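K.L.:
run-v3.txt is the file, holding compact mmCIF, C-alpha atoms:
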# COMPACT_ATOMS: atom_id res chain seq x y z
CA HIS A 1 117.16 89.82 92.61
CA ALA A 2 113.61 90.90 91.72
CA MET A 3 114.87 94.36 90.79
CA ARG A 4 117.58 92.85 88.57
CA VAL A 5 115.01 90.65 86.82
CA ALA A 6 112.71 93.62 86.25
CA PHE A 7 115.60 95.62 84.83
CA ASP A 8 116.77 92.80 82.53
CA GLN A 9 113.24 92.22 81.25
CA GLY A 10 112.76 95.92 80.53
CA ASP A 11 109.57 96.06 82.57
CA LEU A 12 110.66 99.26 84.30
CA PRO A 13 112.55 102.40 83.17
CA GLY A 14 116.16 101.57 82.32
CA GLY A 15 117.64 104.96 83.07
CA GLU A 16 120.64 106.38 81.24
CA LEU A 17 124.23 105.18 81.28
CA VAL A 18 126.52 108.08 82.24
CA GLY A 19 130.11 106.93 82.13
CA ALA A 20 130.34 103.89 84.38
CA ARG A 21 127.17 104.77 86.24
CA ARG A 22 123.50 104.36 85.39
CA GLU A 23 121.26 107.24 86.37
CA TRP A 24 117.49 107.51 86.63
CA SER A 25 115.36 110.63 86.61
CA LEU A 26 113.08 111.28 89.58
CA ALA A 27 110.04 110.33 87.48
CA GLU A 28 111.69 107.00 86.57
CA PHE A 29 112.75 106.41 90.16
CA ARG A 30 109.15 106.91 91.31
CA VAL A 31 107.97 104.24 88.84
CA TRP A 32 110.39 101.79 90.45
CA ALA A 33 109.25 102.86 93.93
CA ARG A 34 105.59 102.27 93.12
CA SER A 35 106.38 98.89 91.60
CA PHE A 36 108.42 97.55 94.54
CA ARG A 37 106.56 99.26 97.41
CA LYS A 38 102.98 98.26 96.63
CA SER A 39 102.23 97.26 100.22
CA MET A 40 103.02 100.84 101.32
CA LEU A 41 100.80 102.56 98.76
CA ARG A 42 97.28 103.86 99.32
CA PRO A 43 94.74 101.02 99.10
CA ASP A 44 91.79 101.35 96.74
CA GLY A 45 88.97 103.23 98.40
CA ALA A 46 91.14 104.88 101.07
CA ASP A 47 91.26 108.67 101.30
CA GLY A 48 94.37 110.73 100.88
CA PHE A 49 95.94 111.48 104.26
CA VAL A 50 96.16 115.13 105.37
CA ILE A 51 99.08 116.27 107.56
CA THR A 52 99.26 119.81 108.92
CA VAL A 53 102.61 121.20 110.07
CA ALA A 54 101.95 123.96 112.59
CA ASN A 55 103.51 126.09 115.31
CA PHE A 56 102.77 129.62 116.54
CA LYS A 57 106.43 130.59 116.30
CA GLY A 58 108.44 131.38 113.22
CA GLY A 59 111.92 130.00 112.61
CA VAL A 60 111.15 126.49 113.90
CA SER A 61 111.50 124.76 110.48
CA LYS A 62 107.81 124.41 109.62
CA THR A 63 108.33 125.04 105.92
CA THR A 64 111.51 122.95 105.71
CA THR A 65 109.72 120.09 107.46
CA SER A 66 106.65 120.40 105.22
CA LEU A 67 108.64 120.37 101.99
CA ALA A 68 111.00 117.61 103.11
CA LEU A 69 107.99 115.44 104.00
CA ALA A 70 106.37 116.21 100.64
CA GLN A 71 109.51 115.41 98.65
CA GLY A 72 110.43 112.38 100.73
CA LEU A 73 106.96 110.82 100.46
CA SER A 74 106.86 111.46 96.72
CA MET A 75 110.20 109.65 96.29
CA ARG A 76 108.60 106.67 98.02
CA GLY A 77 105.98 106.51 95.30
CA HIS A 78 103.18 108.63 96.76
CA LYS A 79 101.39 111.39 94.87
CA VAL A 80 101.64 114.47 97.10
CA LEU A 81 99.89 117.84 97.26
CA LEU A 82 101.54 120.65 99.23
CA VAL A 83 99.22 123.46 100.35
CA ASP A 84 101.04 126.68 101.29
CA LEU A 85 98.88 128.74 103.67
CA ASP A 86 101.63 131.12 104.78
CA ALA A 87 101.29 134.48 103.03
CA GLN A 88 105.09 134.80 103.17
CA ALA A 89 105.06 132.01 100.57
CA SER A 90 108.33 130.36 101.58
CA ALA A 91 107.14 126.88 100.60
CA SER A 92 105.97 128.19 97.22
CA THR A 93 109.34 129.86 96.66
CA LEU A 94 111.20 126.65 97.54
CA CYS A 95 109.03 124.90 94.95
CA GLY A 96 110.33 127.34 92.34
CA LEU A 97 107.24 129.55 92.11
CA VAL A 98 107.51 133.33 92.46
CA PRO A 99 104.74 134.91 94.59
CA ASN A 100 102.40 137.20 92.59
CA ALA A 101 103.96 136.00 89.33
CA ASP A 102 103.52 132.22 89.43
CA SER A 103 101.37 132.12 92.58
CA THR A 104 98.69 134.63 91.64
CA LYS A 105 95.65 135.09 93.88
CA GLU A 106 93.71 132.56 91.81
CA MET A 107 96.44 129.94 92.39
CA THR A 108 96.24 130.23 96.19
CA ALA A 109 93.60 129.06 98.66
CA LEU A 110 92.10 132.57 98.82
CA PRO A 111 89.29 131.95 96.27
CA LEU A 112 88.21 128.99 98.42
CA PHE A 113 88.23 131.06 101.61
CA MET A 114 86.32 133.86 99.84
CA GLY A 115 83.62 131.43 98.74
CA ASP A 116 84.25 131.96 95.02
CA VAL A 117 84.89 128.22 94.57
CA GLU A 118 83.96 125.11 96.53
CA THR A 119 87.13 123.07 96.03
CA ILE A 120 90.86 123.73 96.00
CA ASP A 121 91.23 121.96 92.64
CA GLY A 122 91.44 125.04 90.43
CA SER A 123 94.40 126.40 92.41
CA ILE A 124 96.60 123.33 92.04
CA GLN A 125 99.66 123.56 89.81
CA LYS A 126 102.61 121.36 88.94
CA THR A 127 106.08 121.87 90.38
CA TYR A 128 109.54 120.94 89.09
CA TRP A 129 109.47 117.93 91.42
CA ASP A 130 107.74 114.91 89.88
CA GLY A 131 104.84 113.65 92.00
CA LEU A 132 104.56 116.91 93.96
CA ASP A 133 101.84 119.46 93.14
CA LEU A 134 101.26 122.77 94.91
CA VAL A 135 98.60 125.21 96.01
CA GLY A 136 100.76 128.31 96.28
CA ALA A 137 100.70 131.39 98.46
CA ASN A 138 101.36 135.10 98.16
CA PRO A 139 100.81 138.19 100.36
CA GLN A 140 97.20 138.47 99.17
CA LEU A 141 96.47 135.35 101.20
CA TYR A 142 96.42 137.62 104.28
CA GLY A 143 92.95 138.58 103.04
CA ALA A 144 91.60 135.29 104.37
CA GLU A 145 91.99 136.66 107.90
CA PHE A 146 89.36 139.30 107.07
CA VAL A 147 87.15 137.36 104.68
CA LEU A 148 86.46 134.36 106.92
CA PRO A 149 85.21 136.30 109.99
CA ALA A 150 83.15 138.56 107.68
CA ARG A 151 81.44 135.50 106.16
CA GLN A 152 80.80 134.13 109.66
CA LYS A 153 79.20 137.43 110.72
CA GLU A 154 76.93 137.50 107.67
CA ASP A 155 75.88 133.87 108.10
CA PRO A 156 75.82 132.53 111.70
CA GLY A 157 75.46 128.99 110.33
CA PHE A 158 78.70 129.29 108.35
CA GLU A 159 81.52 127.14 109.75
CA PHE A 160 84.63 129.15 108.92
CA TRP A 161 86.88 126.42 110.33
CA ARG A 162 85.62 123.77 107.89
CA VAL A 163 86.19 125.65 104.60
CA LEU A 164 89.53 124.01 103.79
CA ASP A 165 88.32 120.63 105.08
CA TYR A 166 85.43 120.64 102.60
CA GLY A 167 87.59 122.17 99.88
CA LEU A 168 90.00 119.22 99.98
CA ASP A 169 87.33 116.56 99.38
CA THR A 170 88.25 116.00 95.74
CA ALA A 171 91.98 116.27 96.43
CA ARG A 172 91.68 113.47 98.98
CA ARG A 173 90.64 111.18 96.14
CA ASN A 174 93.32 112.40 93.72
CA TYR A 175 96.35 112.50 96.06
CA ASP A 176 97.86 110.01 98.46
CA VAL A 177 99.14 112.60 100.93
CA ILE A 178 98.31 116.28 101.41
CA ILE A 179 100.80 118.38 103.41
CA ILE A 180 99.68 121.78 104.73
CA ASP A 181 102.26 124.43 105.67
CA THR A 182 100.84 127.08 108.01
CA PRO A 183 101.65 130.64 109.09
CA PRO A 184 103.35 131.22 112.46
CA SER A 185 100.17 132.20 114.34
CA LEU A 186 96.82 130.87 115.52
CA SER A 187 95.09 132.49 112.54
CA TYR A 188 91.87 131.65 110.73
CA THR A 189 93.92 129.85 108.10
CA THR A 190 95.88 127.87 110.72
CA ILE A 191 92.62 126.81 112.38
CA ASN A 192 91.34 125.68 108.96
CA ALA A 193 94.54 123.72 108.36
CA VAL A 194 94.40 121.94 111.71
CA MET A 195 90.70 121.12 111.42
CA ALA A 196 91.27 119.67 107.93
CA ALA A 197 94.08 117.42 109.15
CA ASP A 198 94.19 113.75 109.95
CA GLY A 199 97.52 114.24 111.69
CA VAL A 200 99.38 117.26 113.07
CA ILE A 201 103.15 117.68 113.44
CA LEU A 202 104.58 120.47 115.56
CA PRO A 203 108.26 121.20 114.80
CA CYS A 204 110.03 122.59 117.85
CA PRO A 205 113.71 123.33 118.52
CA PRO A 206 114.98 122.24 121.96
CA SER A 207 115.18 125.76 123.40
CA SER A 208 113.37 127.01 126.49
CA LEU A 209 111.44 129.73 124.65
CA ASP A 210 110.33 127.42 121.85
CA PHE A 211 109.28 124.78 124.38
CA ALA A 212 107.24 127.35 126.34
CA SER A 213 105.58 128.51 123.13
CA SER A 214 104.71 124.94 122.13
CA SER A 215 102.90 124.34 125.42
CA GLN A 216 100.80 127.45 124.77
CA PHE A 217 99.99 126.11 121.29
CA TRP A 218 98.34 122.97 122.68
CA GLY A 219 96.38 124.91 125.31
CA LEU A 220 95.02 127.48 122.88
CA LEU A 221 94.27 124.84 120.25
CA ASP A 222 92.31 122.81 122.80
CA ASP A 223 90.31 125.90 123.83
CA VAL A 224 89.52 126.79 120.23
CA ALA A 225 88.52 123.24 119.28
CA ASN A 226 86.22 122.91 122.30
CA MET A 227 84.55 126.20 121.41
CA LEU A 228 84.09 125.39 117.72
CA TYR A 229 82.68 121.93 118.31
CA SER A 230 80.76 122.63 121.53
CA LYS A 231 77.37 122.50 119.78
CA THR A 232 78.09 119.85 117.16
CA PRO A 233 77.13 116.19 117.66
CA VAL A 234 80.21 114.90 115.79
CA LYS A 235 83.57 115.95 117.23
CA LYS A 236 86.80 116.36 115.33
CA LYS A 237 89.10 113.34 115.62
CA PHE A 238 92.79 113.15 114.77
CA LYS A 239 94.84 110.07 113.96
CA PHE A 240 97.94 111.53 115.61
CA PHE A 241 99.57 114.59 117.13
CA ASN A 242 103.37 114.58 117.17
CA VAL A 243 106.18 116.88 118.23
CA LEU A 244 109.35 116.87 116.11
CA LEU A 245 112.66 118.14 117.47
CA THR A 246 114.22 120.44 114.86
CA ARG A 247 117.33 122.59 114.59
CA VAL A 248 119.01 120.42 117.21
CA ASN A 249 122.46 121.66 118.18
CA ASN A 250 124.10 118.99 120.31
CA LYS A 251 127.05 121.28 120.98
CA SER A 252 124.81 123.55 123.05
CA THR A 253 124.80 122.73 126.77
CA SER A 254 121.10 123.57 127.07
CA THR A 255 119.97 121.15 124.35
CA ALA A 256 120.06 118.04 126.53
CA VAL A 257 118.24 119.82 129.36
CA VAL A 258 115.39 121.10 127.20
CA ARG A 259 115.18 117.77 125.36
CA ASP A 260 114.59 116.10 128.75
CA TRP A 261 111.89 118.66 129.59
CA MET A 262 110.12 118.02 126.31
CA THR A 263 110.36 114.25 126.64
CA ALA A 264 108.89 114.41 130.14
CA ALA A 265 106.10 116.76 129.03
CA TYR A 266 105.15 115.12 125.73
CA GLY A 267 106.04 111.47 126.26
CA ASP A 268 104.84 109.22 123.45
CA ILE A 269 103.86 112.06 121.11
CA MET A 270 107.54 112.96 120.67
CA LEU A 271 108.74 111.49 117.38
CA PRO A 272 111.78 109.25 117.89
CA CYS A 273 113.93 111.25 115.49
CA GLU A 274 115.63 114.64 115.44
CA VAL A 275 116.53 117.06 112.68
CA PRO A 276 119.97 118.56 113.37
CA GLU A 277 121.00 122.15 112.84
CA SER A 278 123.04 121.60 109.70
CA SER A 279 124.99 123.59 107.16
CA ALA A 280 123.45 121.28 104.55
CA THR A 281 119.96 122.58 105.34
CA GLN A 282 121.19 126.17 105.41
CA ASN A 283 123.03 125.84 102.09
CA ALA A 284 120.02 124.20 100.48
CA ALA A 285 117.74 127.03 101.62
CA ALA A 286 120.22 129.60 100.27
CA GLU A 287 120.00 127.86 96.90
CA ILE A 288 116.15 127.81 97.07
CA GLY A 289 115.77 124.13 97.85
CA THR A 290 116.02 121.39 100.46
CA VAL A 291 118.63 118.75 101.27
CA TYR A 292 116.92 116.51 98.72
CA ASP A 293 117.80 119.06 96.01
CA LEU A 294 121.50 119.27 96.79
CA PRO A 295 123.71 117.40 94.30
CA ARG A 296 126.57 115.14 95.30
CA GLY A 297 129.79 117.08 95.73
CA SER A 298 128.07 120.31 96.79
CA MET A 299 129.53 119.74 100.30
CA SER A 300 131.13 116.97 102.29
CA SER A 301 129.26 113.71 101.91
CA ARG A 302 129.23 113.26 105.70
CA THR A 303 127.45 116.58 106.27
CA LEU A 304 124.95 115.98 103.48
CA ASN A 305 124.22 112.39 104.47
CA ARG A 306 123.69 113.37 108.09
CA ALA A 307 120.99 115.85 107.11
CA LYS A 308 119.38 113.50 104.58
CA ASP A 309 119.40 110.60 107.02
CA ALA A 310 117.47 112.69 109.56
CA TYR A 311 114.76 113.59 107.06
CA ASP A 312 114.67 110.05 105.65
CA HIS A 313 114.01 108.77 109.17
CA LEU A 314 111.23 111.34 109.63
CA VAL A 315 109.61 110.38 106.32
CA GLU A 316 109.86 106.68 107.20
CA LEU A 317 108.14 107.21 110.57
CA VAL A 318 105.37 109.39 109.13
CA GLU A 319 104.78 107.02 106.21
CA ALA A 320 104.37 104.11 108.64
CA LYS A 321 101.69 106.07 110.52
CA ILE A 322 99.88 106.90 107.27
CA VAL A 323 99.95 103.31 105.99
CA LYS A 324 98.62 102.01 109.31
CA CYS A 325 95.71 104.46 109.11
CA TRP A 326 94.99 103.51 105.50
CA HIS A 327 94.75 99.82 106.29
CA SER A 328 92.66 100.52 109.37
CA GLN A 329 90.28 102.57 107.20
CA LYS A 330 90.17 99.82 104.58
CA ALA A 331 89.40 97.18 107.23
CA SER A 332 86.58 99.33 108.64
CA VAL A 333 85.05 99.81 105.19
CA GLU A 334 85.26 96.08 104.43
CA GLN A 335 83.73 95.18 107.78
CA SER A 336 80.90 97.68 107.24
CA SER A 337 80.25 96.27 103.75
CA ALA A 338 80.16 92.73 105.10
CA VAL A 339 77.59 93.69 107.78
CA ASN A 340 75.38 95.46 105.25
What is this structure when it is put down as structure tokens?

P.N.:
Amino acid sequence: HAMRVAFDQGDLPGGELVGARREWSLAEFRVWARSFRKSMLRPDGADGFVITVANFKGGVSKTTTSLALAQGLSMRGHKVLLVDLDAQASASTLCGLVPNADSTKEMTALPLFMGDVETIDGSIQKTYWDGLDLVGANPQLYGAEFVLPARQKEDPGFEFWRVLDYGLDTARRNYDVIIIDTPPSLSYTTINAVMAADGVILPCPPSSLDFASSSQFWGLLDDVANMLYSKTPVKKKFKFFNVLLTRVNNKSTSTAVVRDWMTAAYGDIMLPCEVPESSATQNAAAEIGTVYDLPRGSMSSRTLNRAKDAYDHLVELVEAKIVKCWHSQKASVEQSSAVN
């Protein structure tokens, strides 16, 4: 009823009548989302929330997960920044930017890692997707793996793992959510991405090799974090770590077995949703996009809806975690102000 009243009064974008249907652009849709979802938006004074999507292995849907989260959260009214730290630049390509042409060295995180700039701001550019901006990647980003240890050697007091964390300070004020897509390795850039994060999501298919690799990820990450923060009085704290089942093929006899292993090993940090292995996702990637880019009629509605529903559920769960953290942060600030 409230939406109908807003439409009749002309308070919100009216869209365009196409035949018997009324259609809205993404930008118009986001205006409606922000108007009717105010309780889910970032409160005044709260920082933008940083989520890093990471896994040592390639082919586990890191980039697909990162971009689907970015697009899904933007459709819910949030202003999102996607940071592509993988020199293969898959996320940048899916955002319509050609490495070395659109994503030049200056438009990546490399100037920040080199120490030429102090913030990521100058590398941010718009994408075709309203509400989603990008820090792109290209093969030159591999240079960060040499620059960061060289800077550490020259200056023992330099904290190579905090460069991205500090570089996102302004972006945290300008964006609601920052999603970081990482390379498939425990690299200097991956360490930066994890240490800049408020929450970490590890996509993992339910296969024995991927499960074994994921367990190594947590062990190595714990060792690295303990080493980096061993002499610092303030330790790194995360709001959440989660494992997401991806590329799930329920026709495979091993899927149920490995799913049980992962549930037993990870318990509550397993997200209660799964992303299926789907022709919709594959077709979208072939057309340089995600399931959110596919138009109606491009395949069977059942196949498309199944893939979209999985990502919608993921976005809903992650958004709920973010909103909870925002309101917790707001309550802490208000309590501190009241005491002072």

K.L.:
Taking all atoms listed in the file into account, which of A:Asn305, A:Thr290, A:Gly136, A:Val200 comes nearest Phe238 (chain A)?

P.N.:
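Closest to Phe238 (chain A), using all atoms listed in the file: A:Val200.
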
K.L.:
With the cut-off set at 12 Å and counting all atoms listed in the file, tabulate each residue of region 173-261 of chain A with an atom at most that distance from an atom of region 86-93 of chain A, showing the nearest atom pair and its distance in Å to one decimal, ordered by chain and increasing number, as a tab-separated table.

P.N.:
residue	atom	partner	partner_atom	distance
A:Ile179	CA	A:Ala91	CA	11.0
A:Ile180	CA	A:Asp86	CA	9.5
A:Asp181	CA	A:Asp86	CA	6.8
A:Thr182	CA	A:Asp86	CA	5.2
A:Pro183	CA	A:Asp86	CA	4.3
A:Pro184	CA	A:Asp86	CA	7.9
A:Ser185	CA	A:Asp86	CA	9.7
A:Leu186	CA	A:Asp86	CA	11.8
A:Ser187	CA	A:Asp86	CA	10.2
A:Tyr188	CA	A:Asp86	CA	11.4
A:Thr189	CA	A:Asp86	CA	8.5
A:Thr190	CA	A:Asp86	CA	8.9
A:Ala193	CA	A:Asp86	CA	10.9

K.L.:
With distances taken over only C-alpha atoms, which residue among A:Asn192, A:Leu94, A:Phe240, A:Asn283 lies nearest Lys324 (chain A)?

P.N.:
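Between A:Asn192, A:Leu94, A:Phe240, A:Asn283, the residue approaching Lys324 (chain A) most closely is A:Phe240.
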
K.L.:
May I ask which of the residues A:Asn55, A:Ser61, A:Ser35, A:Ser230 is the closest one to Ala212 (chain A), counting only C-alpha atoms?

P.N.:
A:Asn55

K.L.:
Pick out the closest residue to Gly167 (chain A) from this set: A:Leu132, A:Ala264, A:Ile124, A:Ala137. Count all atoms listed in the file.

P.N.:
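Using all atoms listed in the file, Gly167 (chain A) sits closest to A:Ile124.
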
K.L.:
Using only C-alpha atoms, which residues sit within 9 Å of region 69-73 of chain A once same-chain residues fewer than 4 positions away are excluded, as a list of chain:residue names?

P.N.:
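Contacts, with the query itself left out: A:Thr64, A:Thr65, A:Gly77, A:His78, A:Lys79, A:Val80, A:Leu81, A:Leu82, A:Trp129, A:Asp130, A:Gly131, A:Leu132, A:Val177, A:Ile178, A:Ile179, A:Tyr292, A:Tyr311, A:Asp312, A:Leu314, A:Val315, A:Glu316, A:Val318, A:Glu319.
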
K.L.:
Ser123 (chain A): which residues within 10 Å, counting all atoms listed in the file, same-chain residues fewer than 5 positions away excluded, as a short mmCIF file (atom, residue, chain, number, x, y, z; two decimals) with C-alpha atoms, in the frame of the given file?

P.N.:
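Dumped everything to around19.cif:
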data_model
loop_
_atom_site.label_atom_id
_atom_site.label_comp_id
_atom_site.auth_asym_id
_atom_site.auth_seq_id
_atom_site.Cartn_x
_atom_site.Cartn_y
_atom_site.Cartn_z
CA VAL A 83 99.22 123.46 100.35
CA SER A 103 101.37 132.12 92.58
CA THR A 104 98.69 134.63 91.64
CA LYS A 105 95.65 135.09 93.88
CA GLU A 106 93.71 132.56 91.81
CA MET A 107 96.44 129.94 92.39
CA THR A 108 96.24 130.23 96.19
CA ALA A 109 93.60 129.06 98.66
CA LEU A 110 92.10 132.57 98.82
CA PRO A 111 89.29 131.95 96.27
CA LEU A 112 88.21 128.99 98.42
CA VAL A 117 84.89 128.22 94.57
CA LEU A 134 101.26 122.77 94.91
CA VAL A 135 98.60 125.21 96.01
CA GLY A 136 100.76 128.31 96.28
#

K.L.:
Could you write out as lines of an AutoDock Vina configuration file the box around region 167-186 of chain A (axis-aligned, all atoms listed in the file, 6 Å on each side), with centre and edge lengths in Å to one decimal?

P.N.:
center_x = 95.3
center_y = 121.1
center_z = 104.6
size_x = 28.0
size_y = 34.2
size_z = 33.8
